[in-house]
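Pasting work22.cif here (mmCIF, C-alpha atoms (C1' of nucleotides)):
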data_run
loop_
_atom_site.label_atom_id
_atom_site.label_comp_id
_atom_site.auth_asym_id
_atom_site.auth_seq_id
_atom_site.Cartn_x
_atom_site.Cartn_y
_atom_site.Cartn_z
CA MET A 1 91.74 133.31 37.06
CA SER A 2 89.68 134.28 34.02
CA ARG A 3 87.51 137.28 34.81
CA ARG A 4 89.20 140.26 36.28
CA ALA A 5 87.50 143.33 37.59
CA ALA A 6 89.19 146.64 37.05
CA ILE A 7 91.61 147.21 39.86
CA LYS A 8 91.94 150.62 41.28
CA ALA A 9 95.54 151.67 41.47
CA GLU A 10 94.89 152.94 44.97
CA SER A 11 95.17 150.53 47.81
CA PRO A 12 95.40 151.82 51.34
CA PRO A 13 92.47 150.28 53.18
CA SER A 14 91.60 147.01 51.45
CA ALA A 15 94.71 146.29 49.48
CA HIS A 16 94.94 142.57 49.35
CA PRO A 17 93.42 140.41 46.65
CA PRO A 18 90.96 142.25 44.44
CA GLU A 19 90.87 139.01 42.52
CA GLY A 20 92.30 135.63 43.44
CA GLY A 21 89.71 135.50 46.15
CA LEU A 22 90.62 133.57 49.24
CA SER A 23 93.56 131.93 47.56
CA VAL A 24 95.52 132.17 50.80
CA GLY A 25 92.69 130.23 52.39
CA TYR A 26 92.65 127.68 49.61
CA LEU A 27 96.39 127.18 49.80
CA MET A 28 96.24 126.77 53.54
CA GLY A 29 93.45 124.27 53.22
CA ARG A 30 95.35 122.23 50.67
CA ALA A 31 98.64 122.37 52.52
CA ARG A 32 96.94 121.33 55.72
CA ALA A 33 95.05 118.54 53.96
CA SER A 34 98.30 117.28 52.51
CA LEU A 35 99.92 117.22 55.93
CA LEU A 36 96.95 115.45 57.44
CA SER A 37 96.54 112.83 54.76
CA GLY A 38 100.27 112.19 54.78
CA LEU A 39 100.22 111.76 58.53
CA ASP A 40 97.16 109.55 58.41
CA ALA A 41 98.84 107.38 55.81
CA GLU A 42 101.97 107.05 57.92
CA LEU A 43 99.99 106.28 61.05
CA ALA A 44 97.58 103.84 59.43
CA PRO A 45 99.86 100.85 60.04
CA TYR A 46 99.56 101.55 63.76
CA GLY A 47 95.79 101.91 63.63
CA LEU A 48 95.85 105.56 64.62
CA ASN A 49 94.87 108.80 62.99
CA ALA A 50 96.46 112.22 63.24
CA MET A 51 94.31 113.43 66.10
CA GLN A 52 94.86 110.36 68.23
CA TYR A 53 98.58 110.70 67.71
CA ALA A 54 98.53 114.38 68.59
CA VAL A 55 96.70 113.71 71.83
CA LEU A 56 99.04 110.90 72.80
CA LYS A 57 102.00 113.10 72.05
CA GLN A 58 100.79 116.04 74.12
CA LEU A 59 100.08 113.76 77.04
CA ALA A 60 103.49 112.13 76.83
CA GLU A 61 105.16 115.53 76.76
CA GLY A 62 103.24 116.70 79.78
CA SER A 63 101.53 119.55 77.96
CA ALA A 64 98.26 118.42 79.51
CA ARG A 65 97.02 115.96 82.10
CA THR A 66 93.24 116.12 81.69
CA ALA A 67 90.72 116.27 78.87
CA ALA A 68 89.95 119.90 79.59
CA ASP A 69 93.65 120.72 79.48
CA LEU A 70 93.96 119.04 76.11
CA CYS A 71 90.98 120.89 74.73
CA ARG A 72 92.28 124.26 75.80
CA TYR A 73 95.77 123.48 74.58
CA MET A 74 94.68 122.11 71.21
CA TYR A 75 91.61 124.29 70.63
CA TYR A 76 89.51 121.20 70.39
CA ASP A 77 85.91 120.46 71.25
CA THR A 78 85.40 118.77 74.61
CA GLY A 79 82.77 116.40 73.31
CA SER A 80 84.97 115.23 70.46
CA MET A 81 87.89 114.90 72.84
CA THR A 82 85.94 112.46 74.99
CA ARG A 83 85.48 110.25 71.97
CA VAL A 84 89.13 110.46 70.92
CA LEU A 85 90.10 109.41 74.43
CA ASP A 86 87.58 106.58 74.30
CA ARG A 87 89.29 105.18 71.23
CA LEU A 88 92.75 105.49 72.73
CA GLU A 89 91.60 103.78 75.90
CA GLU A 90 89.98 100.97 73.92
CA LYS A 91 93.26 100.38 72.15
CA GLY A 92 95.02 100.18 75.49
CA LEU A 93 97.25 103.16 74.77
CA LEU A 94 95.77 105.34 77.48
CA ARG A 95 94.43 105.02 81.01
CA ARG A 96 91.85 107.19 82.75
CA GLU A 97 92.19 107.73 86.46
CA ARG A 98 89.73 109.72 88.52
CA CYS A 99 91.31 112.41 90.66
CA ARG A 100 90.65 112.05 94.38
CA GLU A 101 91.01 115.67 95.45
CA ASP A 102 88.69 116.99 92.75
CA ARG A 103 86.36 114.25 91.76
CA ARG A 104 85.24 116.05 88.60
CA VAL A 105 88.57 115.63 86.85
CA VAL A 106 89.93 112.50 85.27
CA PHE A 107 93.69 112.27 84.89
CA LEU A 108 94.99 110.85 81.64
CA ARG A 109 98.08 108.71 81.59
CA VAL A 110 99.79 107.15 78.61
CA ALA A 111 99.71 103.41 79.13
CA PRO A 112 102.91 101.37 78.70
CA ALA A 113 101.69 100.12 75.32
CA GLY A 114 101.25 103.72 74.22
CA ARG A 115 104.63 104.72 75.51
CA ALA A 116 106.18 101.86 73.60
CA GLN A 117 104.57 102.98 70.35
CA LEU A 118 105.41 106.65 70.69
CA PRO A 119 108.90 106.62 69.17
CA ARG A 120 107.57 105.11 65.96
CA LEU A 121 104.67 107.54 65.89
CA ARG A 122 106.94 110.49 66.46
CA ALA A 123 109.17 109.28 63.65
CA ALA A 124 106.17 109.17 61.36
CA GLY A 125 105.21 112.69 62.37
CA THR A 126 108.60 114.22 61.77
CA ARG A 127 108.91 112.31 58.52
CA VAL A 128 105.72 113.84 57.16
CA LEU A 129 106.65 117.31 58.33
CA ASP A 130 110.15 117.05 56.91
CA ASP A 131 108.73 115.87 53.62
CA HIS A 132 106.52 118.92 53.40
CA LEU A 133 109.23 121.33 54.51
CA LYS A 134 111.88 119.94 52.20
CA GLY A 135 113.96 122.77 50.83
CA PHE A 136 112.85 125.20 53.52
CA ALA A 137 115.59 127.12 55.28
CA PRO A 138 115.07 127.37 59.05
CA ALA A 139 114.46 131.09 58.66
CA GLU A 140 111.73 130.33 56.14
CA VAL A 141 109.99 127.98 58.53
CA ASP A 142 110.17 130.67 61.17
CA ALA A 143 108.75 133.23 58.78
CA LEU A 144 105.91 130.89 57.88
CA LYS A 145 105.09 130.32 61.54
CA ARG A 146 105.13 134.04 62.24
CA PHE A 147 102.82 134.72 59.31
CA LEU A 148 100.38 132.13 60.55
CA GLY A 149 100.59 133.41 64.09
CA ARG A 150 99.84 136.93 62.91
CA MET A 151 96.83 135.73 60.97
CA ILE A 152 95.53 133.94 64.04
CA ASP A 153 95.98 137.03 66.19
CA ASN A 154 94.32 139.21 63.58
CA GLY A 155 91.43 136.79 63.46
CA LYS A 156 90.97 136.94 67.22
CA PHE A 157 91.00 140.69 67.15
CA ALA A 158 88.50 140.86 64.31
CA ALA A 159 86.25 138.35 66.06
CA ASP A 160 86.27 140.34 69.26
CA ASN A 161 85.31 143.49 67.42
CA THR A 162 82.69 142.25 64.99
CA GLY A 163 80.96 140.48 67.84
CA LEU A 164 80.15 137.13 66.31
CA GLN A 165 82.51 134.41 65.06
CA GLY A 166 82.12 131.13 66.95
CA LYS A 167 85.32 130.05 68.59
CA GLY A 168 87.94 132.62 67.80
CA GLY A 169 86.62 134.93 70.47
CA LYS A 170 87.82 135.48 73.98
CA MET B 1 104.16 127.14 74.25
CA SER B 2 105.23 125.71 77.56
CA ARG B 3 107.88 123.07 77.14
CA ARG B 4 110.83 123.70 74.90
CA ALA B 5 113.66 121.30 74.34
CA ALA B 6 117.11 122.57 73.57
CA ILE B 7 117.49 122.97 69.85
CA LYS B 8 120.62 121.72 68.26
CA ALA B 9 122.37 124.35 66.22
CA GLU B 10 123.08 121.76 63.53
CA SER B 11 120.43 121.01 60.98
CA PRO B 12 121.27 119.09 57.83
CA PRO B 13 119.02 116.06 57.31
CA SER B 14 116.00 116.26 59.57
CA ALA B 15 116.38 119.76 60.81
CA HIS B 16 112.92 120.94 61.49
CA PRO B 17 111.17 120.65 64.79
CA PRO B 18 113.01 118.55 67.34
CA GLU B 19 110.30 119.71 69.67
CA GLY B 20 107.22 121.76 68.98
CA GLY B 21 105.92 118.80 67.03
CA LEU B 22 103.70 119.65 64.11
CA SER B 23 103.37 123.23 65.21
CA VAL B 24 103.33 124.36 61.61
CA GLY B 25 100.39 122.05 61.13
CA TYR B 26 98.66 123.32 64.25
CA LEU B 27 99.15 126.92 63.24
CA MET B 28 97.82 126.22 59.77
CA GLY B 29 94.81 124.49 61.21
CA ARG B 30 94.05 127.35 63.54
CA ALA B 31 94.62 130.04 60.95
CA ARG B 32 92.40 128.20 58.51
CA ALA B 33 89.74 127.65 61.14
CA SER B 34 89.78 131.33 61.97
CA LEU B 35 89.34 132.24 58.32
CA LEU B 36 86.50 129.76 57.93
CA SER B 37 84.62 130.69 61.06
CA GLY B 38 85.02 134.37 60.25
CA LEU B 39 83.69 133.77 56.77
CA ASP B 40 80.83 131.64 58.02
CA ALA B 41 79.89 134.37 60.50
CA GLU B 42 79.91 137.01 57.76
CA LEU B 43 77.90 134.82 55.40
CA ALA B 44 75.38 133.64 57.97
CA PRO B 45 73.05 136.60 57.38
CA TYR B 46 72.73 135.43 53.77
CA GLY B 47 72.07 131.84 54.76
CA LEU B 48 75.25 130.56 53.15
CA ASN B 49 78.41 128.91 54.37
CA ALA B 50 81.95 129.28 53.12
CA MET B 51 81.81 126.37 50.71
CA GLN B 52 78.58 127.46 49.10
CA TYR B 53 80.01 130.92 48.62
CA ALA B 54 83.22 129.55 47.14
CA VAL B 55 81.29 127.47 44.63
CA LEU B 56 79.08 130.36 43.64
CA LYS B 57 82.10 132.58 43.24
CA GLN B 58 83.98 130.14 41.03
CA LEU B 59 80.96 129.67 38.83
CA ALA B 60 80.42 133.38 38.51
CA GLU B 61 84.04 133.88 37.54
CA GLY B 62 83.88 131.19 34.91
CA SER B 63 86.53 129.00 36.55
CA ALA B 64 84.23 126.03 36.10
CA ARG B 65 80.97 125.19 34.35
CA THR B 66 80.19 121.72 35.64
CA ALA B 67 80.35 119.83 38.92
CA ALA B 68 83.35 117.83 37.76
CA ASP B 69 85.14 121.05 36.83
CA LEU B 70 84.49 122.46 40.25
CA CYS B 71 85.76 119.35 41.98
CA ARG B 72 88.98 119.31 40.03
CA TYR B 73 89.48 123.03 40.48
CA MET B 74 88.74 123.05 44.20
CA TYR B 75 90.08 119.59 45.11
CA TYR B 76 86.69 118.66 46.41
CA ASP B 77 84.84 115.39 46.59
CA THR B 78 82.29 114.85 43.82
CA GLY B 79 79.71 113.37 46.14
CA SER B 80 79.92 116.29 48.52
CA MET B 81 79.79 118.68 45.60
CA THR B 82 76.48 117.27 44.48
CA ARG B 83 75.04 118.09 47.89
CA VAL B 84 76.47 121.61 47.93
CA LEU B 85 74.89 122.22 44.54
CA ASP B 86 71.60 120.79 45.80
CA ARG B 87 71.52 123.37 48.56
CA LEU B 88 72.37 126.23 46.22
CA GLU B 89 69.70 125.12 43.80
CA GLU B 90 67.13 124.87 46.59
CA LYS B 91 67.89 128.42 47.58
CA GLY B 92 67.36 129.51 43.99
CA LEU B 93 70.90 130.79 43.59
CA LEU B 94 71.86 128.24 41.00
CA ARG B 95 70.34 126.45 38.04
CA ARG B 96 71.24 123.06 36.63
CA GLU B 97 70.91 122.55 32.92
CA ARG B 98 71.59 119.27 31.20
CA CYS B 99 73.99 119.53 28.27
CA ARG B 100 72.53 118.37 24.96
CA GLU B 101 75.71 117.38 23.16
CA ASP B 102 77.00 115.29 26.06
CA ARG B 103 74.08 114.15 28.09
CA ARG B 104 76.26 113.10 31.03
CA VAL B 105 77.20 116.62 31.97
CA VAL B 106 75.04 119.16 33.73
CA PHE B 107 75.93 122.79 33.21
CA LEU B 108 75.76 125.02 36.24
CA ARG B 109 74.62 128.60 35.91
CA VAL B 110 74.36 131.20 38.61
CA ALA B 111 70.70 132.23 38.80
CA PRO B 112 69.77 135.92 38.80
CA ALA B 113 69.14 135.81 42.52
CA GLY B 114 72.63 134.45 43.05
CA ARG B 115 74.15 137.05 40.80
CA ALA B 116 72.36 139.74 42.76
CA GLN B 117 73.78 138.47 46.04
CA LEU B 118 77.34 138.04 44.86
CA PRO B 119 78.61 141.58 45.43
CA ARG B 120 77.66 141.39 49.08
CA LEU B 121 79.14 137.92 49.42
CA ARG B 122 82.36 139.02 47.80
CA ALA B 123 82.53 141.97 50.15
CA ALA B 124 82.18 139.62 53.09
CA GLY B 125 84.96 137.43 51.72
CA THR B 126 87.42 140.23 51.18
CA ARG B 127 86.54 141.70 54.56
CA VAL B 128 87.44 138.49 56.35
CA LEU B 129 90.63 138.06 54.39
CA ASP B 130 91.66 141.66 54.93
CA ASP B 131 91.00 141.29 58.63
CA HIS B 132 93.30 138.31 58.82
CA LEU B 133 96.01 139.89 56.67
CA LYS B 134 95.98 143.20 58.46
CA GLY B 135 99.51 144.50 58.77
CA PHE B 136 100.82 142.22 56.03
CA ALA B 137 102.90 143.86 53.35
CA PRO B 138 102.09 142.62 49.84
CA ALA B 139 105.49 140.95 49.70
CA GLU B 140 104.67 139.09 52.89
CA VAL B 141 101.43 137.79 51.46
CA ASP B 142 103.35 136.65 48.42
CA ALA B 143 105.92 134.93 50.58
CA LEU B 144 103.21 133.18 52.54
CA LYS B 145 101.57 131.95 49.36
CA ARG B 146 104.87 130.70 48.02
CA PHE B 147 105.59 128.83 51.25
CA LEU B 148 102.22 127.15 51.12
CA GLY B 149 102.63 126.32 47.47
CA ARG B 150 105.99 124.72 48.14
CA MET B 151 104.52 122.63 50.94
CA ILE B 152 101.75 121.44 48.65
CA ASP B 153 104.24 120.51 45.95
CA ASN B 154 106.46 118.74 48.46
CA GLY B 155 103.46 116.83 49.71
CA LYS B 156 102.55 115.67 46.22
CA PHE B 157 106.07 114.54 45.59
CA ALA B 158 106.25 112.65 48.87
CA ALA B 159 102.89 111.04 48.23
CA ASP B 160 103.95 109.86 44.80
CA ASN B 161 107.09 108.31 46.22
CA THR B 162 105.81 106.70 49.39
CA GLY B 163 102.98 105.17 47.44
CA LEU B 164 100.02 105.79 49.68
CA GLN B 165 98.41 109.06 50.77
CA GLY B 166 94.82 109.40 49.69
CA LYS B 167 94.25 112.44 47.57
CA GLY B 168 97.53 114.24 47.23
CA GLY B 169 98.66 111.83 44.55
CA LYS B 170 98.57 112.19 40.82
"C1'" DG C 1 75.67 127.16 105.88
"C1'" DA C 2 72.97 127.70 101.55
"C1'" DC C 3 72.49 128.92 97.02
"C1'" DA C 4 74.28 130.51 92.60
"C1'" DA C 5 77.87 130.09 89.34
"C1'" DA C 6 81.59 127.68 87.34
"C1'" DT C 7 84.07 123.48 85.99
"C1'" DT C 8 84.64 118.76 84.34
"C1'" DA C 9 83.41 114.99 81.74
"C1'" DC C 10 80.21 113.10 79.03
"C1'" DT C 11 75.97 112.32 75.64
"C1'" DG C 12 72.75 113.16 71.70
"C1'" DC C 13 72.28 115.54 67.58
"C1'" DC C 14 73.54 117.55 63.27
"C1'" DG C 15 76.20 119.01 59.20
"C1'" DA C 16 80.31 118.35 56.39
"C1'" DG C 17 83.35 115.66 53.79
"C1'" DG C 18 85.54 111.38 52.02
"C1'" DC C 19 84.93 106.74 49.91
"C1'" DA C 20 82.80 103.24 47.40
"C1'" DG C 21 79.28 101.87 44.47
"C1'" DT C 22 75.52 102.78 40.61
"C1'" DA C 23 73.23 104.33 36.34
"C1'" DT C 24 73.80 106.73 32.30
"C1'" DT C 25 76.29 108.28 28.52
"C1'" DC C 26 80.27 108.88 25.70
"C1'" DT C 27 84.78 107.25 23.68
"C1'" DT C 28 88.00 104.06 22.19
"C1'" DA C 29 89.63 99.66 20.32
"C1'" DC C 30 89.11 95.79 17.72
"C1'" DG D 1 79.28 97.45 15.09
"C1'" DT D 2 80.17 95.93 19.34
"C1'" DA D 3 82.48 95.40 23.56
"C1'" DA D 4 85.50 97.52 27.00
"C1'" DG D 5 86.82 101.45 29.27
"C1'" DA D 6 86.24 106.18 30.88
"C1'" DA D 7 83.65 110.06 32.48
"C1'" DT D 8 79.72 112.35 34.75
"C1'" DA D 9 76.47 112.92 38.24
"C1'" DC D 10 74.51 111.03 41.91
"C1'" DT D 11 73.47 107.92 46.29
"C1'" DG D 12 74.43 105.37 50.70
"C1'" DC D 13 77.58 104.78 54.37
"C1'" DC D 14 80.94 106.14 57.57
"C1'" DT D 15 83.85 109.18 60.44
"C1'" DC D 16 84.85 113.44 62.39
"C1'" DG D 17 84.09 117.71 64.61
"C1'" DG D 18 81.10 121.37 66.61
"C1'" DC D 19 77.06 122.63 69.49
"C1'" DA D 20 73.87 122.19 73.10
"C1'" DG D 21 72.38 119.99 77.02
"C1'" DT D 22 73.18 116.97 81.43
"C1'" DA D 23 74.96 115.13 85.88
"C1'" DA D 24 78.33 115.48 89.31
"C1'" DT D 25 81.34 118.23 91.83
"C1'" DT D 26 83.68 122.31 93.36
"C1'" DT D 27 84.06 127.29 94.17
"C1'" DG D 28 82.44 131.67 95.35
"C1'" DT D 29 79.05 134.86 97.63
"C1'" DC D 30 76.07 136.55 100.87
#
As structure tokens:
Amino acid sequence: MSRRAAIKAESPPSAHPPEGGLSVGYLMGRARASLLSGLDAELAPYGLNAMQYAVLKQLAEGSARTAADLCRYMYYDTGSMTRVLDRLEEKGLLRRERCREDRRVVFLRVAPAGRAQLPRLRAAGTRVLDDHLKGFAPAEVDALKRFLGRMIDNGKFAADNTGLQGKGGK
Amino acid sequence: MSRRAAIKAESPPSAHPPEGGLSVGYLMGRARASLLSGLDAELAPYGLNAMQYAVLKQLAEGSARTAADLCRYMYYDTGSMTRVLDRLEEKGLLRRERCREDRRVVFLRVAPAGRAQLPRLRAAGTRVLDDHLKGFAPAEVDALKRFLGRMIDNGKFAADNTGLQGKGGK
DNA sequence: GACAAATTACTGCCGAGGCAGTATTCTTAC
DNA sequence: GTAAGAATACTGCCTCGGCAGTAATTTGTC
């Protein structure tokens, strides 16, 4: 905010924020943190956090049936996923069931208790999202999603080319 | 990606994502993670991570002079900040200097070694950001920032009204 | 058919970040 | 002038997520 290097009027290759740094990154971090803390606060009465809710939701919607599915779908670490599932199973919201054809895989099924809770959890989720998107026209939400999607794609491309970068790669 | 419920054309009160859940949240998380891992990869050769770079940068720009300043400015925990500063001091990039007028505060100054590194670190930061914003028109970047800013403001408002929510509040 | 490679779930280990509590110092109120 | 409150920096403690490594099982190759 204070110091400001001289900005060349030119701008073709690296045109973005000569100053202001990673403010896009900061804003994304804060917006995401606000969503997460809001969701955690709404879910606290049910003894769940945002990640546990997200997993339960994906399973209920049939987006995934196994831990590996969930990890691929949610870009989540497999080790951490095991622990999330442990917690959900402890709470009786989830059941693990070994597959008989392929004995490596464990099918995940939302237990009746979990299914009973889901409507309330979903309500909490949409409430938080609606709160944060108040005043947004549908077209604006779409534009925001497209911007984020483009950044993600750009990041993948950059990661593939510069070699390194932990998880964004192929 | 896979499932997609029919979307009602109507939209007044809770119009946002009848299905697709918190996809805005997911996209933000992934975009942010891509930025962070890209930045960490670029900074790894210098033995720094994204947070350490951000702190060094803010100090160099005069946005903050003390740990408390930094925490307010960056919405960061004071305890964690102490540890970040410890690491930077260990590496010789930063110096702590107790204030004489108010002996509670410790002024933070970027050490010569840190100042010497900063141009390279800045280059890494802008490189990562440019990579992720490739193909974005300046107006699009502005729009993205405004969207994020509105979400943050909405989140603060919601937090103030629903009572809870950890850090978003006043 | 046997052996290498891949896949799945899971387990330590580590770093990061948030929260609560502490000691010190300053400010404010009476 | 003193007591209460606030502010600053710092310290444990806890949770979470990523990484690497492991055991069991399946798939693919020759």
Residues matched by the PyMOL selection byres ((chain A and resi 121) around 10) as an MDAnalysis selection string: chainID A and resid 39 42:43 46 48 50 53:54 56:57 114 116:120 122:127
Give the superposed chain B as a tab-separated table (two decimals) with C-alpha atoms, in the frame of the given file, the fit being least squares on chain A over all ordered C-alpha pairs.
chain	number	residue	atom	x	y	z
B	1	MET	CA	94.20	130.33	38.24
B	2	SER	CA	92.26	131.21	35.14
B	3	ARG	CA	90.58	134.57	35.46
B	4	ARG	CA	92.51	137.52	36.74
B	5	ALA	CA	91.14	141.00	37.10
B	6	ALA	CA	93.40	143.98	36.74
B	7	ILE	CA	94.86	144.85	40.10
B	8	LYS	CA	94.91	148.43	41.12
B	9	ALA	CA	98.35	149.62	42.09
B	10	GLU	CA	96.84	151.53	45.01
B	11	SER	CA	96.15	149.70	48.21
B	12	PRO	CA	95.42	151.61	51.40
B	13	PRO	CA	92.17	150.50	53.06
B	14	SER	CA	90.99	147.23	51.60
B	15	ALA	CA	94.01	146.31	49.60
B	16	HIS	CA	94.05	142.60	49.54
B	17	PRO	CA	92.46	140.48	46.89
B	18	PRO	CA	90.29	142.41	44.46
B	19	GLU	CA	90.07	139.12	42.66
B	20	GLY	CA	91.38	135.73	43.63
B	21	GLY	CA	88.82	135.74	46.40
B	22	LEU	CA	89.83	133.90	49.52
B	23	SER	CA	92.78	132.31	47.82
B	24	VAL	CA	94.78	132.55	51.01
B	25	GLY	CA	92.02	130.57	52.64
B	26	TYR	CA	91.93	128.03	49.83
B	27	LEU	CA	95.68	127.57	49.93
B	28	MET	CA	95.62	127.13	53.68
B	29	GLY	CA	92.86	124.58	53.39
B	30	ARG	CA	94.71	122.61	50.77
B	31	ALA	CA	98.05	122.77	52.53
B	32	ARG	CA	96.43	121.66	55.76
B	33	ALA	CA	94.54	118.88	54.02
B	34	SER	CA	97.75	117.67	52.46
B	35	LEU	CA	99.46	117.60	55.83
B	36	LEU	CA	96.54	115.75	57.40
B	37	SER	CA	96.10	113.18	54.68
B	38	GLY	CA	99.84	112.57	54.59
B	39	LEU	CA	99.87	112.10	58.34
B	40	ASP	CA	96.84	109.85	58.28
B	41	ALA	CA	98.48	107.72	55.58
B	42	GLU	CA	101.67	107.40	57.63
B	43	LEU	CA	99.76	106.58	60.80
B	44	ALA	CA	97.34	104.14	59.21
B	45	PRO	CA	99.66	101.16	59.71
B	46	TYR	CA	99.45	101.83	63.46
B	47	GLY	CA	95.68	102.13	63.42
B	48	LEU	CA	95.73	105.77	64.45
B	49	ASN	CA	94.66	109.03	62.88
B	50	ALA	CA	96.23	112.45	63.15
B	51	MET	CA	94.14	113.61	66.07
B	52	GLN	CA	94.76	110.52	68.14
B	53	TYR	CA	98.47	110.90	67.54
B	54	ALA	CA	98.40	114.57	68.46
B	55	VAL	CA	96.65	113.82	71.73
B	56	LEU	CA	99.05	111.04	72.60
B	57	LYS	CA	101.98	113.27	71.80
B	58	GLN	CA	100.77	116.14	73.95
B	59	LEU	CA	100.16	113.83	76.86
B	60	ALA	CA	103.56	112.25	76.52
B	61	GLU	CA	105.20	115.66	76.47
B	62	GLY	CA	103.36	116.77	79.56
B	63	SER	CA	101.55	119.64	77.83
B	64	ALA	CA	98.33	118.46	79.42
B	65	ARG	CA	97.20	115.96	82.03
B	66	THR	CA	93.43	116.06	81.72
B	67	ALA	CA	90.83	116.22	78.96
B	68	ALA	CA	90.04	119.84	79.76
B	69	ASP	CA	93.74	120.70	79.55
B	70	LEU	CA	93.97	119.08	76.16
B	71	CYS	CA	90.93	120.92	74.86
B	72	ARG	CA	92.23	124.29	75.95
B	73	TYR	CA	95.70	123.55	74.64
B	74	MET	CA	94.54	122.22	71.28
B	75	TYR	CA	91.41	124.37	70.81
B	76	TYR	CA	89.34	121.25	70.58
B	77	ASP	CA	85.79	120.48	71.53
B	78	THR	CA	85.38	118.72	74.88
B	79	GLY	CA	82.74	116.36	73.61
B	80	SER	CA	84.87	115.26	70.69
B	81	MET	CA	87.84	114.91	73.00
B	82	THR	CA	85.99	112.43	75.14
B	83	ARG	CA	85.48	110.25	72.08
B	84	VAL	CA	89.10	110.52	70.97
B	85	LEU	CA	90.18	109.43	74.44
B	86	ASP	CA	87.68	106.56	74.33
B	87	ARG	CA	89.32	105.23	71.19
B	88	LEU	CA	92.82	105.56	72.61
B	89	GLU	CA	91.76	103.81	75.78
B	90	GLU	CA	90.14	101.00	73.80
B	91	LYS	CA	93.37	100.47	71.94
B	92	GLY	CA	95.21	100.25	75.24
B	93	LEU	CA	97.40	103.25	74.51
B	94	LEU	CA	95.96	105.36	77.27
B	95	ARG	CA	94.70	104.98	80.81
B	96	ARG	CA	92.15	107.09	82.64
B	97	GLU	CA	92.58	107.57	86.34
B	98	ARG	CA	90.16	109.49	88.49
B	99	CYS	CA	91.79	112.16	90.64
B	100	ARG	CA	91.23	111.70	94.37
B	101	GLU	CA	91.59	115.29	95.53
B	102	ASP	CA	89.20	116.64	92.90
B	103	ARG	CA	86.86	113.91	91.91
B	104	ARG	CA	85.65	115.77	88.82
B	105	VAL	CA	88.91	115.42	86.97
B	106	VAL	CA	90.26	112.33	85.29
B	107	PHE	CA	94.00	112.15	84.82
B	108	LEU	CA	95.22	110.80	81.52
B	109	ARG	CA	98.35	108.70	81.36
B	110	VAL	CA	99.98	107.21	78.33
B	111	ALA	CA	99.96	103.44	78.81
B	112	PRO	CA	103.16	101.45	78.26
B	113	ALA	CA	101.91	100.26	74.91
B	114	GLY	CA	101.38	103.85	73.85
B	115	ARG	CA	104.78	104.87	75.08
B	116	ALA	CA	106.31	102.04	73.09
B	117	GLN	CA	104.61	103.20	69.91
B	118	LEU	CA	105.42	106.87	70.26
B	119	PRO	CA	108.88	106.89	68.69
B	120	ARG	CA	107.49	105.44	65.49
B	121	LEU	CA	104.55	107.82	65.53
B	122	ARG	CA	106.82	110.78	66.07
B	123	ALA	CA	108.98	109.65	63.19
B	124	ALA	CA	105.92	109.53	60.97
B	125	GLY	CA	104.95	113.04	62.06
B	126	THR	CA	108.32	114.59	61.41
B	127	ARG	CA	108.56	112.74	58.11
B	128	VAL	CA	105.32	114.26	56.86
B	129	LEU	CA	106.25	117.71	58.05
B	130	ASP	CA	109.71	117.49	56.54
B	131	ASP	CA	108.22	116.36	53.26
B	132	HIS	CA	105.97	119.39	53.15
B	133	LEU	CA	108.70	121.81	54.22
B	134	LYS	CA	111.29	120.48	51.84
B	135	GLY	CA	113.31	123.34	50.43
B	136	PHE	CA	112.25	125.73	53.19
B	137	ALA	CA	115.02	127.63	54.90
B	138	PRO	CA	114.60	127.85	58.68
B	139	ALA	CA	113.94	131.56	58.34
B	140	GLU	CA	111.15	130.82	55.90
B	141	VAL	CA	109.51	128.42	58.30
B	142	ASP	CA	109.74	131.08	60.96
B	143	ALA	CA	108.21	133.64	58.66
B	144	LEU	CA	105.38	131.30	57.81
B	145	LYS	CA	104.67	130.67	61.47
B	146	ARG	CA	104.70	134.38	62.21
B	147	PHE	CA	102.28	135.07	59.37
B	148	LEU	CA	99.90	132.44	60.64
B	149	GLY	CA	100.21	133.70	64.18
B	150	ARG	CA	99.39	137.22	63.07
B	151	MET	CA	96.33	136.00	61.20
B	152	ILE	CA	95.13	134.15	64.28
B	153	ASP	CA	95.62	137.23	66.44
B	154	ASN	CA	93.86	139.42	63.90
B	155	GLY	CA	90.99	136.97	63.83
B	156	LYS	CA	90.62	137.06	67.60
B	157	PHE	CA	90.62	140.81	67.59
B	158	ALA	CA	88.03	141.00	64.82
B	159	ALA	CA	85.86	138.44	66.57
B	160	ASP	CA	85.94	140.38	69.81
B	161	ASN	CA	84.92	143.55	68.04
B	162	THR	CA	82.25	142.30	65.67
B	163	GLY	CA	80.63	140.44	68.52
B	164	LEU	CA	79.86	137.10	66.97
B	165	GLN	CA	82.21	134.41	65.64
B	166	GLY	CA	81.91	131.12	67.45
B	167	LYS	CA	85.16	130.03	68.97
B	168	GLY	CA	87.75	132.62	68.13
B	169	GLY	CA	86.51	134.86	70.91
B	170	LYS	CA	87.82	135.30	74.39
Distance criterion (all atoms listed in the file): nearest to chain C out of A:Arg95, A:Arg32, A:Arg87, A:Arg104: A:Arg104
Which residue of C:DA4, C:DC30, C:DT24, C:DC10 approaches Leu85 (chain A) most closely, using all atoms listed in the file: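 Nearest to Leu85 (chain A): C:DC10.
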Hits of the PyMOL selection byres ((chain B) within 12 of (chain C)) in this structure, as a PyMOL selection string: chain B and resi 49-52+75-84+99-105+166-167
Computed interatomic separation between C1' of DA9 (chain D) and CA of Cys71 (chain B) (Å): 11.9 Å
At most 10 Å to chain A: residues in chain D, all atoms listed in the file, as a PyMOL selection string: chain D and resi 16-19+24-26
For CA of Asp86 (chain B) and CA of Arg109 (chain B), the interatomic separation in Å (one decimal):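 Computing it gives 13.0 Å between the two atoms.
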